[in-house]
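Raw final_20.cif, mmCIF, C-alpha atoms and all ligand atoms:
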data_structure
loop_
_atom_site.label_atom_id
_atom_site.label_comp_id
_atom_site.auth_asym_id
_atom_site.auth_seq_id
_atom_site.Cartn_x
_atom_site.Cartn_y
_atom_site.Cartn_z
CA MET A 1 108.23 81.27 114.24
CA LEU A 2 109.94 84.21 115.93
CA SER A 3 113.48 83.02 116.40
CA ALA A 4 115.95 84.70 118.76
CA SER A 5 117.90 85.94 115.71
CA VAL A 6 115.01 88.34 114.89
CA PHE A 7 115.85 90.21 118.10
CA ALA A 8 119.64 90.14 117.69
CA THR A 9 119.82 93.86 116.82
CA PHE A 10 117.20 95.09 119.31
CA ALA A 11 119.69 96.12 122.02
CA GLU A 12 121.82 98.06 119.54
CA ASP A 13 119.14 99.57 117.29
CA GLY A 14 116.32 99.99 119.82
CA TYR A 15 113.77 98.46 117.46
CA VAL A 16 113.11 95.40 115.33
CA VAL A 17 110.75 94.69 112.47
CA THR A 18 109.48 91.14 112.65
CA PRO A 19 108.80 88.93 109.65
CA VAL A 20 105.12 88.42 108.84
CA VAL A 21 103.81 86.89 112.08
CA PHE A 22 100.06 87.41 111.72
CA SER A 23 97.95 85.88 108.98
CA ARG A 24 95.76 88.02 106.77
CA SER A 25 92.67 86.62 108.46
CA GLU A 26 93.98 87.48 111.95
CA ILE A 27 94.67 91.04 110.79
CA LEU A 28 91.21 91.29 109.23
CA VAL A 29 89.51 90.30 112.49
CA VAL A 30 91.45 92.98 114.39
CA ARG A 31 90.84 95.53 111.68
CA LYS A 32 87.10 94.90 111.70
CA GLU A 33 86.92 95.36 115.48
CA CYS A 34 89.03 98.52 115.29
CA GLU A 35 86.85 99.97 112.53
CA ARG A 36 83.71 99.21 114.54
CA ILE A 37 85.14 100.93 117.64
CA ARG A 38 86.35 103.91 115.62
CA ALA A 39 82.97 104.32 113.96
CA ARG A 40 81.57 104.84 117.47
CA THR A 41 84.26 107.06 118.93
CA GLY A 42 85.86 108.92 116.01
CA GLY A 43 89.14 110.74 116.60
CA TRP A 44 92.61 109.88 115.38
CA ILE A 45 93.46 107.75 118.43
CA VAL A 46 91.32 105.47 120.59
CA LEU A 47 93.08 104.36 123.77
CA GLY A 48 92.19 101.42 125.98
CA ALA A 49 90.25 99.65 123.22
CA ALA A 50 91.32 96.11 124.15
CA ARG A 51 89.94 96.40 127.69
CA GLU A 52 86.35 96.53 126.53
CA ASN A 53 86.59 94.30 123.48
CA ALA A 54 87.02 90.55 123.90
CA ARG A 55 88.52 90.01 120.42
CA LEU A 56 91.13 92.73 120.87
CA PHE A 57 91.91 91.45 124.34
CA GLU A 58 92.48 87.96 122.90
CA PHE A 59 94.72 89.53 120.28
CA VAL A 60 97.00 91.33 122.77
CA LYS A 61 97.42 87.99 124.57
CA HIS A 62 98.59 86.34 121.34
CA ASP A 63 101.65 84.05 121.48
CA VAL A 64 103.42 86.47 119.15
CA PHE A 65 103.30 89.26 121.76
CA GLN A 66 104.26 86.80 124.47
CA ARG A 67 107.33 85.83 122.46
CA ILE A 68 108.18 89.49 121.77
CA CYS A 69 107.96 90.28 125.50
CA THR A 70 110.09 87.28 126.44
CA MET A 71 112.79 88.35 124.00
CA THR A 72 112.84 92.02 125.05
CA ILE A 73 111.50 92.77 128.55
CA GLY A 74 111.11 89.30 130.07
CA SER A 75 108.45 86.65 130.27
CA ASP A 76 106.46 88.29 133.10
CA ALA A 77 104.85 91.24 131.36
CA ASP A 78 101.85 93.55 131.76
CA LEU A 79 99.82 95.28 129.10
CA PHE A 80 99.72 98.94 129.96
CA PHE A 81 98.40 100.72 126.91
CA GLU A 82 96.86 99.95 123.59
CA GLY A 83 95.48 102.16 120.89
CA ILE A 84 93.82 102.30 117.52
CA LEU A 85 95.48 104.95 115.37
CA HIS A 86 93.96 106.41 112.23
CA LYS A 87 95.30 108.72 109.54
CA PRO A 88 92.80 109.42 106.79
CA SER A 89 93.90 109.27 103.15
CA ARG A 90 95.50 112.56 102.06
CA GLY A 91 95.21 113.75 105.65
CA GLY A 92 96.40 113.35 109.20
CA ARG A 93 99.25 115.35 110.57
CA GLU A 94 102.83 114.65 111.45
CA LEU A 95 103.44 113.21 114.92
CA ARG A 96 106.85 114.67 115.65
CA TRP A 97 109.92 112.84 116.94
CA HIS A 98 109.22 111.45 120.36
CA GLN A 99 109.98 108.61 122.71
CA ASP A 100 107.09 106.59 124.09
CA SER A 101 108.72 107.12 127.50
CA GLY A 102 107.85 110.79 126.91
CA TYR A 103 104.28 109.80 127.85
CA GLY A 104 105.30 107.84 130.94
CA ARG A 105 108.81 107.04 132.18
CA THR A 106 109.55 103.65 133.62
CA ASP A 107 112.45 101.80 135.16
CA PRO A 108 113.45 99.67 133.32
CA SER A 109 112.21 100.62 129.85
CA PHE A 110 109.10 99.18 128.24
CA ILE A 111 108.24 98.25 124.66
CA SER A 112 105.59 99.29 122.15
CA CYS A 113 104.39 97.05 119.34
CA TRP A 114 102.95 98.84 116.31
CA LEU A 115 101.31 97.08 113.38
CA PRO A 116 99.50 98.18 110.25
CA LEU A 117 95.90 97.08 109.69
CA SER A 118 95.40 98.63 106.23
CA THR A 119 98.71 99.77 104.78
CA GLY A 120 102.19 99.80 106.33
CA SER A 121 103.75 102.19 103.87
CA ALA A 122 105.77 105.05 105.39
CA ALA A 123 104.20 107.40 102.81
CA ALA A 124 100.79 106.59 104.29
CA GLY A 125 101.80 108.10 107.63
CA GLY A 126 103.75 105.04 108.73
CA LEU A 127 106.66 104.92 111.15
CA TRP A 128 110.09 106.50 110.90
CA VAL A 129 112.76 105.52 113.41
CA ALA A 130 116.14 106.92 114.47
CA PRO A 131 118.08 103.65 114.96
CA GLY A 132 120.24 103.60 118.09
CA SER A 133 118.70 106.81 119.52
CA HIS A 134 117.40 104.95 122.60
CA VAL A 135 120.92 105.19 124.06
CA LEU A 136 120.21 108.89 124.72
CA GLY A 137 117.96 107.75 127.58
CA PRO A 138 114.82 109.65 128.57
CA ILE A 139 114.59 113.08 126.92
CA LYS A 140 112.47 115.86 128.39
CA HIS A 141 109.38 116.18 126.22
CA THR A 142 107.56 119.40 125.40
CA ARG A 143 103.86 119.86 124.78
CA SER A 144 103.20 121.64 121.50
CA PRO A 145 100.80 124.54 122.18
CA ALA A 146 99.27 124.14 118.70
CA THR A 147 98.49 120.42 118.76
CA SER A 148 99.07 119.50 122.44
CA GLU A 149 101.21 116.56 121.30
CA GLN A 150 104.20 115.62 123.46
CA TYR A 151 107.40 115.61 121.44
CA ALA A 152 111.13 115.58 122.04
CA GLY A 153 111.47 119.39 121.86
CA PRO A 154 114.75 120.78 120.49
CA VAL A 155 116.18 117.24 120.06
CA SER A 156 113.64 116.67 117.31
CA GLU A 157 115.27 119.43 115.24
CA THR A 158 118.62 117.63 115.17
CA ILE A 159 117.99 113.91 115.21
CA PRO A 160 121.34 112.48 116.30
CA ALA A 161 121.12 109.27 114.29
CA PRO A 162 120.30 108.79 110.60
CA SER A 163 116.56 108.26 110.43
CA ARG A 164 114.76 105.78 108.25
CA PRO A 165 111.22 105.09 107.11
CA LEU A 166 109.77 101.63 107.67
CA ASP A 167 107.66 100.08 104.95
CA LEU A 168 105.75 97.18 106.44
CA ALA A 169 103.70 94.37 105.00
CA LEU A 170 100.44 93.42 106.69
CA GLY A 171 101.25 90.89 109.40
CA GLN A 172 104.60 92.48 110.36
CA VAL A 173 105.12 94.18 113.73
CA VAL A 174 107.55 96.91 114.74
CA VAL A 175 108.83 96.54 118.30
CA LEU A 176 110.11 99.81 119.77
CA HIS A 177 112.23 100.36 122.89
CA SER A 178 110.43 103.04 124.92
CA GLU A 179 113.35 105.45 124.52
CA LEU A 180 113.71 105.08 120.76
CA LEU A 181 112.98 108.30 118.87
CA HIS A 182 110.31 107.78 116.23
CA ARG A 183 107.75 109.79 114.29
CA THR A 184 104.98 109.38 111.75
CA GLY A 185 104.26 111.72 108.85
CA PRO A 186 100.99 112.81 107.27
CA ASN A 187 99.22 110.29 105.05
CA GLU A 188 100.16 111.19 101.47
CA THR A 189 98.34 108.27 99.85
CA ASP A 190 94.78 107.48 98.83
CA ILE A 191 94.51 104.68 101.40
CA ASP A 192 93.16 105.25 104.92
CA ARG A 193 95.87 104.25 107.39
CA LEU A 194 94.62 102.23 110.35
CA SER A 195 97.12 100.82 112.85
CA PHE A 196 97.11 99.10 116.21
CA GLN A 197 99.61 99.64 119.00
CA CYS A 198 100.11 97.87 122.31
CA GLY A 199 102.65 98.61 125.03
CA PHE A 200 104.03 96.05 127.49
CA ALA A 201 106.14 96.54 130.60
CA GLY A 202 107.88 93.96 132.75
CA ALA A 203 105.75 92.96 135.73
CA SER A 204 108.23 94.52 138.19
CA THR A 205 108.69 97.71 136.18
CA ARG A 206 108.25 100.91 138.19
CA PHE A 207 106.36 103.83 136.72
CA LEU A 208 108.34 106.95 137.64
CA ASP A 209 105.88 109.71 136.80
CA ASP A 210 102.74 107.75 136.35
CA GLY A 211 99.80 109.99 135.72
CA LEU A 212 97.78 107.11 134.31
CA PRO A 213 94.68 105.65 135.97
CA ALA A 214 95.37 102.96 138.56
CA ASP A 215 93.79 100.24 136.43
CA HIS A 216 95.89 100.92 133.34
CA ARG A 217 98.15 97.96 134.01
CA VAL A 218 96.86 94.48 133.21
CA PRO A 219 98.94 91.41 134.15
CA ILE A 220 98.97 89.47 130.92
CA PHE A 221 101.96 87.14 130.55
CA ARG A 222 103.43 85.12 133.38
CA SER A 223 106.08 82.45 133.17
CA PRO A 224 104.72 79.08 134.26
CA THR A 225 105.15 78.57 137.99
CA GLU A 226 106.48 75.27 139.21
CA SER A 227 103.47 73.31 140.32
CA ALA A 228 103.46 72.10 143.90
CA VAL A 229 103.93 68.37 144.11
O1 LIG B 1 100.48 105.67 114.53
C1 LIG B 1 100.92 106.81 114.63
O2 LIG B 1 100.76 107.66 113.76
C2 LIG B 1 101.72 107.23 115.84
C3 LIG B 1 102.28 106.09 116.59
C4 LIG B 1 103.23 106.58 117.64
O3 LIG B 1 104.32 106.95 117.35
C5 LIG B 1 102.81 106.63 119.01
O4 LIG B 1 101.62 106.42 119.32
O5 LIG B 1 103.68 106.86 119.88
#
When written as structure tokens, how does the structure in this file appear?
Ligand SMILES: O=C(O)CCC(=O)C(=O)O
Amino acid sequence: MLSASVFATFAEDGYVVTPVVFSRSEILVVRKECERIRARTGGWIVLGAARENARLFEFVKHDVFQRICTMTIGSDADLFFEGILHKPSRGGRELRWHQDSGYGRTDPSFISCWLPLSTGSAAAGGLWVAPGSHVLGPIKHTRSPATSEQYAGPVSETIPAPSRPLDLALGQVVVLHSELLHRTGPNETDIDRLSFQCGFAGASTRFLDDGLPADHRVPIFRSPTESAV
């Protein structure tokens, strides 16, 4: 279903958009859980949601994510963050250009998988990417005093690569290298934008400036070990 050719440009571009890999009913189950959690917590982002929700935890263990990990960071991979992200219709603010490694640097890099649960249109606050920008390596991020978001500081004023919006269908996934510059805009449509994101790191990845809680890392995919005879 996810052939190696889907990932052929990942090393060069720092991202790939998969074909539709989740059915509508799979997306609806995830969406329902995310809406239920959001109704309780509010806020534009809910982190750690899969750790306390069996259906979301099943979802992050899906064969699709296993395949994505195998093709990008290796078949032994840990989940280390996941979030529900919401931008209300005609609302939400821009999340400026940033690298996900700006929130936590690792060696080697990790990946983030982002997927729409309501609409994947860039105009609805969807993703923009700067293809190939991951080759810049980790950029020092700055915390905006106004919004407290971490962003790529002066680099975000002069994005070195041509940037492009991604319009996604439900069931598609964007896989981002942790050093790829990306952003999302405000939601300019009448549809509430709900998305899900999960980050995976190779099992032997080192966290260089890890301010995250000790239990943030969950071993999730392991290549089959040879059974003792
Ligand atoms: O979904 C969003 O608006 C932001 C996603 C993103 O870029 C991030 O969480 O790093």
Protein and nucleic acid residues within 8 Å of ligand LIG 1 (chain B) (all atoms listed in the file) as a PyMOL selection string
chain A and resi 83+85-87+94-95+98-100+114+125-127+182-185+194-197
Contacts of segment 7-9 of chain A within 10 Å, all atoms listed in the file, excl. fewer than 2 positions in-chain, as a list of chain:residue names
A:Leu2, A:Ser3, A:Ala4, A:Ser5, A:Ala11, A:Glu12, A:Asp13, A:Gly14, A:Tyr15, A:Val16, A:Val17, A:Thr18, A:Ile68, A:Met71, A:Thr72, A:Gly132, A:Val175
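For Met1 of chain A, the residues within 9 Å (counting all atoms listed in the file, excluding itself and residues fewer than 3 positions away along the chain) are Pro19, Val21 and Val64 of chain A.
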Please provide as a ChimeraX atom specification all residues within 12 Å of Gly43 of chain A, with the sequence filter that same-chain residues fewer than 2 positions apart are discarded (counting all atoms listed in the file).
/A:35,37-41,45-47,83-88,92,194
So, with all atoms listed in the file as the atoms that count, which of A:Phe81, A:Phe65, A:Trp128, A:Phe10 lies closest to Gly104 of chain A?
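Of all the options, A:Phe81 lies closest to Gly104 of chain A.
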Once you count all atoms listed in the file, which residues end up no further than 8 Å from (113.7, 107.7, 108.3) in the file's frame, shown as an mmCIF file with C-alpha atoms, keeping the file's coordinate frame?
data_model
loop_
_atom_site.group_PDB
_atom_site.id
_atom_site.type_symbol
_atom_site.label_atom_id
_atom_site.label_comp_id
_atom_site.auth_asym_id
_atom_site.auth_seq_id
_atom_site.Cartn_x
_atom_site.Cartn_y
_atom_site.Cartn_z
ATOM 1 C CA TRP A 128 110.090 106.500 110.900
ATOM 2 C CA VAL A 129 112.760 105.520 113.410
ATOM 3 C CA ALA A 130 116.140 106.920 114.470
ATOM 4 C CA PRO A 162 120.300 108.790 110.600
ATOM 5 C CA SER A 163 116.560 108.260 110.430
ATOM 6 C CA ARG A 164 114.760 105.780 108.250
ATOM 7 C CA PRO A 165 111.220 105.090 107.110
ATOM 8 C CA LEU A 166 109.770 101.630 107.670
#
Pick from A:His134, A:Ser156, A:Thr147, A:Ala203: nearest to Glu179 of chain A, with only C-alpha atoms counted?
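So, comparing all the options, the nearest one is A:His134.
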Return as lines of an AutoDock Vina configuration file the box centre and box size in Å, one decimal, for an axis-aligned box around all listed atoms of segment 15-31 of chain A padded by 8 Å per side.
center_x = 101.6
center_y = 92.2
center_z = 112.1
size_x = 40.3
size_y = 28.6
size_z = 26.7
Residues near Leu208 of chain A, cut-off 12 Å, all atoms listed in the file, skip fewer than 5 positions along chain, as a list in words
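Once the adjacent positions are removed, what remains is Ser101, Gly102, Tyr103, Gly104, Arg105, Thr106, Asp107, Pro108, Ser109 and Pro138 of chain A.
Between atom CA of Arg193 of chain A and atom CA of Asn53 of chain A the interatomic distance comes to 21.1 Å.
From atom CA of Arg51 of chain A back to atom CA of Gln150 of chain A, the distance works out to 24.3 Å.
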